[in-house]
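S.K.: One structure, pasted below without further comment.
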Amino acid sequence: MSPRKIASQELTKEIILQNARSQFVEKGFQQVSMRSIAKLLHCSHGAIYYYFKNKAELFYAIVEDDFSELNNRLEETIQGSEDDSAKLYNVLIRFIEFGLNHQSQYEIMFLLRNTEVDSLSQVAADQSYQKFAQTIQSLSKKRLENVDVWSAFLALHGFVSHYFGYVDDFEEAKSAAELHVNFIIKGLNG
């Protein structure tokens, strides 16, 4: 017996995004089609086109959601009552924590490359980086050059990329992450 088709009133944008995300991570952007997502959802590909005009738009919606989630987590961190030094530490740790606890999201956001969607996803990435840079600048003890903030970001990204796929979550790399963040802060405030 074949699986039951999803009724159109049951098919939501969130269901499509969730299933498409797993397909993009598992197979890569080029190997996924609207038809393969529809097959996974047991619906017509036309039902997906009702929500997204093409695969690139669907992919961008996933990336935009992921950057929004990261931005929200960082925003929550700076709303705390700690002093700026503690907030800076927590922002950097939370970035690593997000990357290692949400590896499939991080992969889509920062590691998957495709010319068809890079220009779309770059908008969300640039906005997120600007928010990150402004936050780091506002929490630093001294005025930072753009290259300092970019180097801190690359150091965080490098850490997540290094542990990506080798640990299941942040807790497995927590001690190393704490040392790494302290090292970055010395560079920013030194």
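By convention in this document, the chains of the structure tokens carry letters A, B, ... by their order, each chain's residues are numbered from 1, and ligands are numbered from 1 in the order they are shown.
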Compile the contact shell of Gly99 in chain A as a short mmCIF file (atom, residue, chain, number, x, y, z; two decimals) with N, CA, C and O atoms, in the first residue's frame: residues with an atom at most 12 Å away, counting only C-alpha atoms, same-chain residues fewer than 3 positions apart removed.

M.R.:
```
data_model
loop_
_atom_site.label_atom_id
_atom_site.label_comp_id
_atom_site.auth_asym_id
_atom_site.auth_seq_id
_atom_site.Cartn_x
_atom_site.Cartn_y
_atom_site.Cartn_z
N ASP A 66 17.02 30.27 8.70
CA ASP A 66 18.16 29.88 9.52
C ASP A 66 18.94 31.09 10.02
O ASP A 66 19.32 31.16 11.19
N PHE A 67 19.19 32.07 9.15
CA PHE A 67 19.88 33.28 9.58
C PHE A 67 19.05 34.05 10.59
O PHE A 67 19.59 34.62 11.54
N GLU A 69 17.01 32.73 12.75
CA GLU A 69 17.15 32.02 14.03
C GLU A 69 18.48 32.35 14.70
O GLU A 69 18.53 32.61 15.90
N LEU A 70 19.57 32.35 13.94
CA LEU A 70 20.88 32.71 14.49
C LEU A 70 20.86 34.14 15.03
O LEU A 70 21.31 34.40 16.15
N ARG A 73 19.01 34.39 18.33
CA ARG A 73 19.79 33.85 19.44
C ARG A 73 20.85 34.83 19.92
O ARG A 73 21.07 35.00 21.12
N LEU A 92 29.94 35.11 21.20
CA LEU A 92 30.87 34.24 20.46
C LEU A 92 30.60 32.77 20.75
O LEU A 92 30.59 31.93 19.83
N ILE A 93 30.35 32.45 22.00
CA ILE A 93 30.04 31.06 22.37
C ILE A 93 28.74 30.61 21.72
O ILE A 93 28.62 29.50 21.21
N ARG A 94 27.74 31.47 21.72
CA ARG A 94 26.43 31.11 21.15
C ARG A 94 26.52 30.86 19.66
O ARG A 94 25.80 30.04 19.11
N PHE A 95 27.41 31.60 18.98
CA PHE A 95 27.62 31.36 17.55
C PHE A 95 28.14 29.93 17.34
O PHE A 95 27.62 29.19 16.50
N ILE A 96 29.15 29.56 18.09
CA ILE A 96 29.70 28.21 17.99
C ILE A 96 28.65 27.18 18.39
O ILE A 96 28.48 26.15 17.72
N HIS A 102 23.26 22.79 15.42
CA HIS A 102 22.39 22.84 14.24
C HIS A 102 23.25 22.69 12.98
O HIS A 102 23.26 23.56 12.12
N GLN A 103 23.93 21.57 12.90
CA GLN A 103 24.90 21.39 11.83
C GLN A 103 24.27 21.38 10.44
O GLN A 103 24.87 21.91 9.50
N SER A 104 23.09 20.82 10.30
CA SER A 104 22.47 20.83 8.97
C SER A 104 22.10 22.25 8.57
O SER A 104 22.27 22.64 7.41
N GLN A 105 21.63 23.06 9.51
CA GLN A 105 21.32 24.45 9.21
C GLN A 105 22.60 25.21 8.87
O GLN A 105 22.64 25.98 7.92
N TYR A 106 23.63 25.00 9.66
CA TYR A 106 24.90 25.69 9.44
C TYR A 106 25.47 25.34 8.07
O TYR A 106 26.00 26.20 7.37
N GLU A 107 25.35 24.09 7.70
CA GLU A 107 25.85 23.66 6.38
C GLU A 107 25.13 24.41 5.27
O GLU A 107 25.77 24.90 4.34
N ILE A 108 23.83 24.52 5.36
CA ILE A 108 23.07 25.24 4.35
C ILE A 108 23.44 26.72 4.34
O ILE A 108 23.60 27.34 3.29
N MET A 109 23.62 27.30 5.50
CA MET A 109 23.92 28.72 5.62
C MET A 109 25.31 29.09 5.13
O MET A 109 25.49 30.11 4.47
N PHE A 110 26.30 28.28 5.48
CA PHE A 110 27.69 28.69 5.28
C PHE A 110 28.54 27.77 4.40
O PHE A 110 29.58 28.20 3.92
N LEU A 111 28.13 26.53 4.22
CA LEU A 111 29.03 25.59 3.56
C LEU A 111 28.58 25.16 2.16
O LEU A 111 29.43 24.85 1.33
N LEU A 156 35.61 32.00 14.36
CA LEU A 156 34.43 31.23 14.81
C LEU A 156 34.01 30.23 13.75
O LEU A 156 33.75 29.06 14.05
N HIS A 157 33.91 30.70 12.52
CA HIS A 157 33.50 29.83 11.42
C HIS A 157 34.49 28.68 11.23
O HIS A 157 34.09 27.53 11.03
N GLY A 158 35.76 28.99 11.36
CA GLY A 158 36.78 27.94 11.24
C GLY A 158 36.64 26.89 12.33
O GLY A 158 36.78 25.69 12.07
N PHE A 159 36.33 27.32 13.53
CA PHE A 159 36.14 26.39 14.64
C PHE A 159 34.96 25.46 14.35
O PHE A 159 35.06 24.24 14.46
N VAL A 160 33.82 26.05 13.97
CA VAL A 160 32.64 25.24 13.67
C VAL A 160 32.93 24.30 12.51
O VAL A 160 32.60 23.10 12.56
N SER A 161 33.56 24.80 11.46
CA SER A 161 33.88 23.97 10.30
C SER A 161 34.81 22.82 10.66
O SER A 161 34.67 21.71 10.15
N HIS A 162 35.76 23.08 11.55
CA HIS A 162 36.70 22.05 11.97
C HIS A 162 35.99 20.90 12.69
O HIS A 162 36.27 19.73 12.46
N TYR A 163 35.06 21.23 13.58
CA TYR A 163 34.36 20.21 14.36
C TYR A 163 33.12 19.67 13.66
O TYR A 163 32.55 18.66 14.10
N PHE A 164 32.72 20.31 12.57
CA PHE A 164 31.53 19.93 11.83
C PHE A 164 31.62 18.46 11.40
O PHE A 164 32.56 18.04 10.76
N GLY A 165 30.62 17.69 11.78
CA GLY A 165 30.58 16.29 11.39
C GLY A 165 31.40 15.37 12.29
O GLY A 165 31.27 14.15 12.23
N VAL A 167 31.64 16.02 15.76
CA VAL A 167 30.95 16.00 17.05
C VAL A 167 29.46 16.02 16.78
O VAL A 167 29.02 16.51 15.73
N ASP A 168 28.69 15.50 17.70
CA ASP A 168 27.25 15.51 17.53
C ASP A 168 26.62 16.81 17.98
O ASP A 168 25.56 17.20 17.50
N ASP A 169 27.26 17.48 18.94
CA ASP A 169 26.70 18.72 19.45
C ASP A 169 27.78 19.55 20.14
O ASP A 169 28.93 19.13 20.26
N PHE A 170 27.39 20.72 20.58
CA PHE A 170 28.29 21.67 21.22
C PHE A 170 28.97 21.10 22.45
O PHE A 170 30.16 21.36 22.68
N GLU A 171 28.24 20.35 23.25
CA GLU A 171 28.79 19.83 24.52
C GLU A 171 30.07 19.05 24.30
O GLU A 171 30.97 19.08 25.14
N ALA A 173 32.41 19.67 22.26
CA ALA A 173 33.53 20.56 21.96
C ALA A 173 33.55 21.78 22.88
O ALA A 173 34.29 22.73 22.63
N ALA A 177 35.85 25.08 22.70
CA ALA A 177 35.16 26.30 22.28
C ALA A 177 35.42 27.44 23.26
O ALA A 177 35.68 28.58 22.85
#
```

S.K.: Wanna dump the range 60-81 of chain A-range 18-21 of chain A contacts at 12 Å for me, each residue with its shortest atom pair and the distance in Å to one decimal, counting only C-alpha atoms, ordered by chain and number, as JSON lines?

M.R.:
```
{"residue": "A:Tyr60", "atom": "CA", "partner": "A:Arg21", "partner_atom": "CA", "distance": 10.6}
{"residue": "A:Ala61", "atom": "CA", "partner": "A:Arg21", "partner_atom": "CA", "distance": 9.9}
{"residue": "A:Ile62", "atom": "CA", "partner": "A:Arg21", "partner_atom": "CA", "distance": 6.8}
{"residue": "A:Val63", "atom": "CA", "partner": "A:Arg21", "partner_atom": "CA", "distance": 9.2}
{"residue": "A:Asp65", "atom": "CA", "partner": "A:Gln18", "partner_atom": "CA", "distance": 10.9}
{"residue": "A:Asp66", "atom": "CA", "partner": "A:Arg21", "partner_atom": "CA", "distance": 10.4}
```

S.K.: Which residue gives the smallest distance to Val91 in chain A among A:Asn146, A:Gln134, A:Ser151, A:Asn54, with only C-alpha atoms counted?

M.R.: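 Among the listed residues, A:Gln134 lies closest to Val91 in chain A.
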
S.K.: Of the candidates A:Ala56, A:Ile136, A:Ile37, A:Ala155, which one gets nearest to Tyr89 in chain A if we count only C-alpha atoms?

M.R.: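 Answer, going by the shortest atom-to-atom distance: A:Ile136.
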
S.K.: Could you give me, as a PyMOL selection string, each residue of range 119-189 of chain A that DSSP assigns to alpha helix (DSSP H) when run on this structure's backbone?

M.R.: chain A and resi 119-139+146-163+174-189

S.K.: Of the candidates A:Lys55, A:Lys174, A:Phe98, A:Leu74, which one gets nearest to Ala133 in chain A if we count only C-alpha atoms?

M.R.: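 So, comparing all the options, the nearest one is A:Leu74.
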
S.K.: Quick one: residues within 9 Å of Arg35 in chain A, only C-alpha atoms, excluding same-chain residues fewer than 6 positions away - as a ChimeraX atom specification?

M.R.: /A:44-46,48

S.K.: When you count only C-alpha atoms, which of these residues is closest to Leu188 in chain A: A:Glu172, A:Leu100, A:Lys142, A:Val25?

M.R.: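 Going through A:Glu172, A:Leu100, A:Lys142, A:Val25 one by one, the smallest distance to Leu188 in chain A is for A:Lys142.
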
S.K.: Expressed in Å to a single decimal, how great is the separation between CA of Gly187 in chain A and CA of Glu82 in chain A?

M.R.: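 Computing it gives 21.0 Å between the two atoms.
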
S.K.: In Å, rounded to a single decimal, give me how far CA of Lys141 in chain A is from CA of Leu88 in chain A.

M.R.: 9.8 Å
